[in-house]
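Asker: Below is one structure. I have some questions about it.
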Amino acid sequence: MKLNFRKIGEGEPLVILHGLFGSADNWFSIARELEKHYTLYLVDQRNHGDSPHTEDWDYQLMAEDLLHWMEEQNLEEIHLMGHSMGGKTAMNFAIQYPEKVKKLIVVDIAPRYYPVHHEQILEGLKSIQLDALKSRKEADDQLAEHVKEAGIRQFLLKNLGRDKENKFIWKINLSVIDAKIENVGEALEAGKSFEGPTLFMGGENSDYIKEGDKTDLERFFPNHHLIYIKGAGHWIHAEQPAAVVETVKAFLG
């Protein structure tokens with residue numbers, strides 16, 4: 001699978017993986033602040049952004065996608081950072097291919113199982129009538145019936161694209177994501193661990209990394225450090241970008 005990616009900067013390679021319903025572009029402003037220190041690779045995971053759509057979709061496959069992508073780019077070892085779903089992919093990759101990861105950064109996600117909690121978003125996205133859609137404003141109005149927060153709608157509607165006939169299409173593989181949404185919450189496979197330096201970066205106002213998760217963090221990532229970014233929820237990179245940049249620099253440096 002030929003994953004789409006953006007590359008900027010120079011220095012040691014730092015690969016960034018976006019979260020569910022996201023794309024490589026979500027982290028571009030962060031990458032611009034790091035490009036003097038690292039070569040940034042912003043990767044679209046399968047069924048997202050401009051990467052291929054497939055019927056098969058789980059963390060094992062996404063970890064294998066990353067391995068094959070590294071081989072294509074002639075990258076032997078990387079710093080790896082992932083947010084939410086991307087963080088789960090990064091954790092899975094690190095415990096399976098520890099020799100490929102120099103340092104690991106996991107943004108606001110833990111190794112445990114998470115129950116499905118995206119039903120309202122999925123219903124909203126499925127409610128948008130693409131065939132009859134005339135504008136993004138019209139899509140926003142339809143989505144607002146299910147998703148009240150304007151910022152979340154703006155993020156989700158970045159997945160609207162156009163085909164060769166200028167008709168609206170989804171850049172995400174919405175049908176597969178909807179059918180296999182439970183895969184996003186899967187826990188890490190027990191029995192493996194990553195011994196390398198690992199940073200867990202949680203949002204102070206988020207409940208994705210809880211006190212009870214610390215046992216799992218220690219079990220899977222014994223050489224880890226956990227911090228919480230003040231004034232941030234789950235979307236840490238959007239809410240506190242300067243703090244994220246400085247934290248990444250400090251950890252990798």
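The way I read the labels, and the way they are meant: chains A, B, ... in the order of the structure tokens, residue 1 as the first residue of every chain, and ligand 1 as the first ligand shown, with later ones counted on from there.
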Extract, using only C-alpha atoms, all DNA, RNA and protein residues at most 10 Å from segment 160-165 of chain A, discarding same-chain residues fewer than 4 positions from it, and format them as a tab-separated table (two decimals) with C-alpha atoms, in the first residue's frame.
Answerer:
chain	number	residue	atom	x	y	z
A	49	GLY	CA	-6.62	11.53	3.78
A	50	ASP	CA	-5.20	10.75	0.37
A	130	LEU	CA	-23.33	13.81	-1.14
A	136	ARG	CA	-19.80	22.92	2.11
A	139	ALA	CA	-22.95	19.94	4.41
A	156	LEU	CA	-14.77	16.57	10.14
A	169	ILE	CA	-16.84	12.73	-2.18
A	170	TRP	CA	-15.51	11.52	1.16
A	171	LYS	CA	-11.74	11.31	1.38
A	172	ILE	CA	-12.16	8.94	4.33
Asker: Could you work out how far atom CA of Lys103 of chain A lies from atom CA of Ser84 of chain A, giving the answer in Å with one decimal?
Answerer: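 About the pair atom CA of Ser84 of chain A and atom CA of Lys103 of chain A: they are 17.4 Å apart.
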Asker: Residues near Lys137 of chain A, anyone? I mean within 10 Å using only C-alpha atoms, not counting same-chain ones fewer than 5 positions away, as JSON, numbers by chain.
Answerer: {"A": [142, 143, 157]}
Asker: Once DSSP has gone over the backbone, tell me which residues of segment 108-153 of chain A are in helix (DSSP H, G or I), as a PDB file with N, CA and C atoms, in the first residue's frame.
Answerer:
ATOM      1  N   GLU A 119     -20.583   7.269  17.749  1.00  0.00           N
ATOM      2  CA  GLU A 119     -21.834   7.009  17.038  1.00  0.00           C
ATOM      3  C   GLU A 119     -22.475   8.278  16.484  1.00  0.00           C
ATOM      4  N   GLN A 120     -22.478   9.354  17.294  1.00  0.00           N
ATOM      5  CA  GLN A 120     -23.135  10.584  16.856  1.00  0.00           C
ATOM      6  C   GLN A 120     -22.422  11.189  15.651  1.00  0.00           C
ATOM      7  N   ILE A 121     -21.096  11.163  15.671  1.00  0.00           N
ATOM      8  CA  ILE A 121     -20.325  11.682  14.541  1.00  0.00           C
ATOM      9  C   ILE A 121     -20.594  10.858  13.289  1.00  0.00           C
ATOM     10  N   LEU A 122     -20.590   9.550  13.439  1.00  0.00           N
ATOM     11  CA  LEU A 122     -20.824   8.690  12.281  1.00  0.00           C
ATOM     12  C   LEU A 122     -22.220   8.887  11.713  1.00  0.00           C
ATOM     13  N   GLU A 123     -23.212   9.001  12.570  1.00  0.00           N
ATOM     14  CA  GLU A 123     -24.571   9.243  12.085  1.00  0.00           C
ATOM     15  C   GLU A 123     -24.651  10.577  11.358  1.00  0.00           C
ATOM     16  N   GLY A 124     -23.943  11.576  11.888  1.00  0.00           N
ATOM     17  CA  GLY A 124     -23.939  12.876  11.229  1.00  0.00           C
ATOM     18  C   GLY A 124     -23.293  12.838   9.860  1.00  0.00           C
ATOM     19  N   LEU A 125     -22.152  12.172   9.759  1.00  0.00           N
ATOM     20  CA  LEU A 125     -21.464  12.070   8.467  1.00  0.00           C
ATOM     21  C   LEU A 125     -22.298  11.304   7.452  1.00  0.00           C
ATOM     22  N   LYS A 126     -22.934  10.218   7.911  1.00  0.00           N
ATOM     23  CA  LYS A 126     -23.755   9.419   7.001  1.00  0.00           C
ATOM     24  C   LYS A 126     -25.026  10.150   6.569  1.00  0.00           C
ATOM     25  N   SER A 127     -25.435  11.146   7.354  1.00  0.00           N
ATOM     26  CA  SER A 127     -26.663  11.880   7.019  1.00  0.00           C
ATOM     27  C   SER A 127     -26.464  12.868   5.875  1.00  0.00           C
ATOM     28  N   LEU A 130     -24.388  13.354  -0.237  1.00  0.00           N
ATOM     29  CA  LEU A 130     -23.335  13.810  -1.140  1.00  0.00           C
ATOM     30  C   LEU A 130     -23.834  14.035  -2.560  1.00  0.00           C
ATOM     31  N   ASP A 131     -24.700  13.160  -3.048  1.00  0.00           N
ATOM     32  CA  ASP A 131     -25.156  13.256  -4.438  1.00  0.00           C
ATOM     33  C   ASP A 131     -25.875  14.569  -4.719  1.00  0.00           C
ATOM     34  N   ALA A 132     -26.566  15.086  -3.712  1.00  0.00           N
ATOM     35  CA  ALA A 132     -27.332  16.316  -3.910  1.00  0.00           C
ATOM     36  C   ALA A 132     -26.644  17.551  -3.332  1.00  0.00           C
ATOM     37  N   ARG A 136     -20.262  23.349   0.796  1.00  0.00           N
ATOM     38  CA  ARG A 136     -19.805  22.924   2.114  1.00  0.00           C
ATOM     39  C   ARG A 136     -20.710  23.481   3.204  1.00  0.00           C
ATOM     40  N   LYS A 137     -21.278  24.648   2.964  1.00  0.00           N
ATOM     41  CA  LYS A 137     -22.221  25.230   3.932  1.00  0.00           C
ATOM     42  C   LYS A 137     -23.433  24.315   4.100  1.00  0.00           C
ATOM     43  N   GLU A 138     -23.886  23.764   3.015  1.00  0.00           N
ATOM     44  CA  GLU A 138     -25.012  22.832   3.071  1.00  0.00           C
ATOM     45  C   GLU A 138     -24.637  21.584   3.859  1.00  0.00           C
ATOM     46  N   ALA A 139     -23.427  21.098   3.657  1.00  0.00           N
ATOM     47  CA  ALA A 139     -22.949  19.938   4.413  1.00  0.00           C
ATOM     48  C   ALA A 139     -22.868  20.260   5.900  1.00  0.00           C
ATOM     49  N   ASP A 140     -22.390  21.449   6.219  1.00  0.00           N
ATOM     50  CA  ASP A 140     -22.282  21.864   7.615  1.00  0.00           C
ATOM     51  C   ASP A 140     -23.660  21.938   8.259  1.00  0.00           C
ATOM     52  N   ASP A 141     -24.643  22.445   7.526  1.00  0.00           N
ATOM     53  CA  ASP A 141     -26.004  22.536   8.064  1.00  0.00           C
ATOM     54  C   ASP A 141     -26.568  21.142   8.360  1.00  0.00           C
ATOM     55  N   GLN A 142     -26.313  20.193   7.472  1.00  0.00           N
ATOM     56  CA  GLN A 142     -26.808  18.828   7.681  1.00  0.00           C
ATOM     57  C   GLN A 142     -26.088  18.167   8.860  1.00  0.00           C
ATOM     58  N   LEU A 143     -24.780  18.370   8.948  1.00  0.00           N
ATOM     59  CA  LEU A 143     -24.009  17.773  10.034  1.00  0.00           C
ATOM     60  C   LEU A 143     -24.386  18.365  11.389  1.00  0.00           C
ATOM     61  N   ALA A 150     -19.180  23.577  16.519  1.00  0.00           N
ATOM     62  CA  ALA A 150     -18.736  24.073  15.210  1.00  0.00           C
ATOM     63  C   ALA A 150     -17.303  23.659  14.895  1.00  0.00           C
ATOM     64  N   GLY A 151     -16.429  23.647  15.905  1.00  0.00           N
ATOM     65  CA  GLY A 151     -15.033  23.282  15.676  1.00  0.00           C
ATOM     66  C   GLY A 151     -14.883  21.840  15.251  1.00  0.00           C
ATOM     67  N   ILE A 152     -15.667  20.956  15.859  1.00  0.00           N
ATOM     68  CA  ILE A 152     -15.615  19.542  15.479  1.00  0.00           C
ATOM     69  C   ILE A 152     -16.152  19.360  14.065  1.00  0.00           C
ATOM     70  N   ARG A 153     -17.236  20.080  13.722  1.00  0.00           N
ATOM     71  CA  ARG A 153     -17.772  19.991  12.360  1.00  0.00           C
ATOM     72  C   ARG A 153     -16.750  20.474  11.336  1.00  0.00           C
TER      73      ARG A 153
END
Asker: Excluding segment 37-44 of chain A and residues on its chain fewer than 2 positions from it, collect all residues at most 6 Å away from it, counting only C-alpha atoms, and give them as a PyMOL selection string.
Answerer: chain A and resi 4-17+23-24+34-35+48-49+51
Asker: Give me the residues near Met70 of chain A as a ChimeraX atom specification, where near means some atom within 12 Å (using only C-alpha atoms) and where sequence neighbours in that chain fewer than 3 positions away do not count.
Answerer: /A:1-3,5,13-15,41,43,63-67,73-80,93,97,100-101
Asker: Need the shell around Ile227 of chain A: protein/DNA/RNA residues with any atom at most 8 Å away, counting only C-alpha atoms. Skip same-chain ones fewer than 2 positions apart. Format as number ranges by chain?
Answerer: A: 199-202, 225, 229
Asker: Please produce a file of those selected residues containing C-alpha atoms, as a short mmCIF file (atom, residue, chain, number, x, y, z; two decimals), in the first residue's frame.
Answerer:
data_model
loop_
_atom_site.label_atom_id
_atom_site.label_comp_id
_atom_site.auth_asym_id
_atom_site.auth_seq_id
_atom_site.Cartn_x
_atom_site.Cartn_y
_atom_site.Cartn_z
CA LEU A 199 6.50 9.99 26.33
CA PHE A 200 2.77 9.93 27.00
CA MET A 201 1.31 13.40 26.54
CA GLY A 202 -2.20 13.76 27.93
CA HIS A 225 7.21 9.42 31.22
CA ILE A 229 -0.60 19.63 29.03
#
Asker: To one decimal in Å, tell me the separation between atom CA of Asn92 of chain A and atom CA of Gly231 of chain A.
Answerer: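 Distance reported for this atom pair: 28.4 Å.
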Asker: Choose the residue, out of A:Leu20, A:Val106, A:Ile209, A:Ala232, that has the smallest atom-to-atom separation from Leu174 of chain A; count only C-alpha atoms.
Answerer: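 Ranked by minimum distance to Leu174 of chain A, first place goes to A:Leu20.
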Asker: Pick from A:Ile95, A:Arg46, A:Glu33, A:Asp25: nearest to Lys249 of chain A, with only C-alpha atoms counted?
Answerer: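 Once distances to Lys249 of chain A are computed over only C-alpha atoms, the minimum belongs to A:Glu33.
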Asker: Could you give me, as a ChimeraX atom specification, the residues within 8 Å of segment 108-113 of chain A, counting only C-alpha atoms and dropping anything in the same chain fewer than 6 positions from it?
Answerer: /A:83-85,87-88,91,185-188,200-203,206,208-209,213,216-217,220,234,236
Asker: Could you save those same residues with N, CA and C atoms as an mmCIF file, in the first residue's frame?
Answerer:
data_model
loop_
_atom_site.group_PDB
_atom_site.id
_atom_site.type_symbol
_atom_site.label_atom_id
_atom_site.label_comp_id
_atom_site.auth_asym_id
_atom_site.auth_seq_id
_atom_site.Cartn_x
_atom_site.Cartn_y
_atom_site.Cartn_z
ATOM 1 N N HIS A 83 -1.243 10.564 17.507
ATOM 2 C CA HIS A 83 -2.331 11.116 18.319
ATOM 3 C C HIS A 83 -3.556 10.210 18.245
ATOM 4 N N SER A 84 -4.124 9.865 19.396
ATOM 5 C CA SER A 84 -5.370 9.112 19.474
ATOM 6 C C SER A 84 -5.251 7.809 18.683
ATOM 7 N N MET A 85 -6.039 7.602 17.630
ATOM 8 C CA MET A 85 -5.888 6.395 16.817
ATOM 9 C C MET A 85 -4.464 6.243 16.310
ATOM 10 N N GLY A 87 -1.880 7.257 17.825
ATOM 11 C CA GLY A 87 -1.091 6.835 18.973
ATOM 12 C C GLY A 87 -1.177 5.334 19.198
ATOM 13 N N LYS A 88 -2.368 4.773 18.966
ATOM 14 C CA LYS A 88 -2.522 3.321 19.073
ATOM 15 C C LYS A 88 -1.708 2.616 17.989
ATOM 16 N N MET A 91 1.900 2.802 19.108
ATOM 17 C CA MET A 91 2.208 1.850 20.180
ATOM 18 C C MET A 91 2.325 0.433 19.629
ATOM 19 N N GLY A 185 -10.964 0.964 19.108
ATOM 20 C CA GLY A 185 -10.812 0.924 20.557
ATOM 21 C C GLY A 185 -10.015 -0.243 21.083
ATOM 22 N N GLU A 186 -9.495 -1.098 20.196
ATOM 23 C CA GLU A 186 -8.805 -2.311 20.637
ATOM 24 C C GLU A 186 -7.607 -2.019 21.537
ATOM 25 N N ALA A 187 -7.435 -2.882 22.537
ATOM 26 C CA ALA A 187 -6.281 -2.775 23.433
ATOM 27 C C ALA A 187 -5.041 -3.363 22.772
ATOM 28 N N LEU A 188 -3.869 -3.002 23.291
ATOM 29 C CA LEU A 188 -2.631 -3.599 22.812
ATOM 30 C C LEU A 188 -2.577 -5.077 23.189
ATOM 31 N N PHE A 200 4.217 9.833 27.127
ATOM 32 C CA PHE A 200 2.766 9.930 27.002
ATOM 33 C C PHE A 200 2.377 11.365 27.332
ATOM 34 N N MET A 201 1.704 12.000 26.394
ATOM 35 C CA MET A 201 1.307 13.401 26.539
ATOM 36 C C MET A 201 -0.217 13.467 26.591
ATOM 37 N N GLY A 202 -0.755 13.694 27.769
ATOM 38 C CA GLY A 202 -2.203 13.761 27.935
ATOM 39 C C GLY A 202 -2.694 15.186 28.040
ATOM 40 N N GLY A 203 -3.968 15.374 27.763
ATOM 41 C CA GLY A 203 -4.592 16.683 27.951
ATOM 42 C C GLY A 203 -5.127 16.799 29.368
ATOM 43 N N SER A 206 -8.760 16.202 29.432
ATOM 44 C CA SER A 206 -9.205 15.013 28.723
ATOM 45 C C SER A 206 -9.275 13.830 29.682
ATOM 46 N N TYR A 208 -8.886 10.625 28.446
ATOM 47 C CA TYR A 208 -8.374 9.497 27.676
ATOM 48 C C TYR A 208 -7.260 8.746 28.406
ATOM 49 N N ILE A 209 -6.460 9.446 29.214
ATOM 50 C CA ILE A 209 -5.433 8.779 30.022
ATOM 51 C C ILE A 209 -5.769 9.021 31.494
ATOM 52 N N ASP A 213 -4.755 3.899 34.206
ATOM 53 C CA ASP A 213 -3.985 3.461 33.036
ATOM 54 C C ASP A 213 -2.502 3.316 33.324
ATOM 55 N N ASP A 216 -0.864 -0.131 32.960
ATOM 56 C CA ASP A 216 -0.624 -0.545 31.575
ATOM 57 C C ASP A 216 0.565 0.196 30.969
ATOM 58 N N LEU A 217 0.691 1.458 31.271
ATOM 59 C CA LEU A 217 1.820 2.223 30.741
ATOM 60 C C LEU A 217 3.131 1.598 31.196
ATOM 61 N N PHE A 220 3.621 -2.060 29.396
ATOM 62 C CA PHE A 220 3.972 -2.058 27.977
ATOM 63 C C PHE A 220 5.174 -1.171 27.660
ATOM 64 N N HIS A 234 -8.661 16.695 24.427
ATOM 65 C CA HIS A 234 -8.138 15.613 23.600
ATOM 66 C C HIS A 234 -7.352 16.131 22.397
ATOM 67 N N ILE A 236 -4.963 18.154 21.752
ATOM 68 C CA ILE A 236 -3.875 18.914 22.372
ATOM 69 C C ILE A 236 -3.146 19.788 21.357
#
Asker: Tell me which of A:Ala243, A:Asp56, A:Asn26, A:Arg32 sits closest to Asn173 of chain A, counting only C-alpha atoms.
Answerer: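 The answer is A:Asp56, which sits nearest to Asn173 of chain A.
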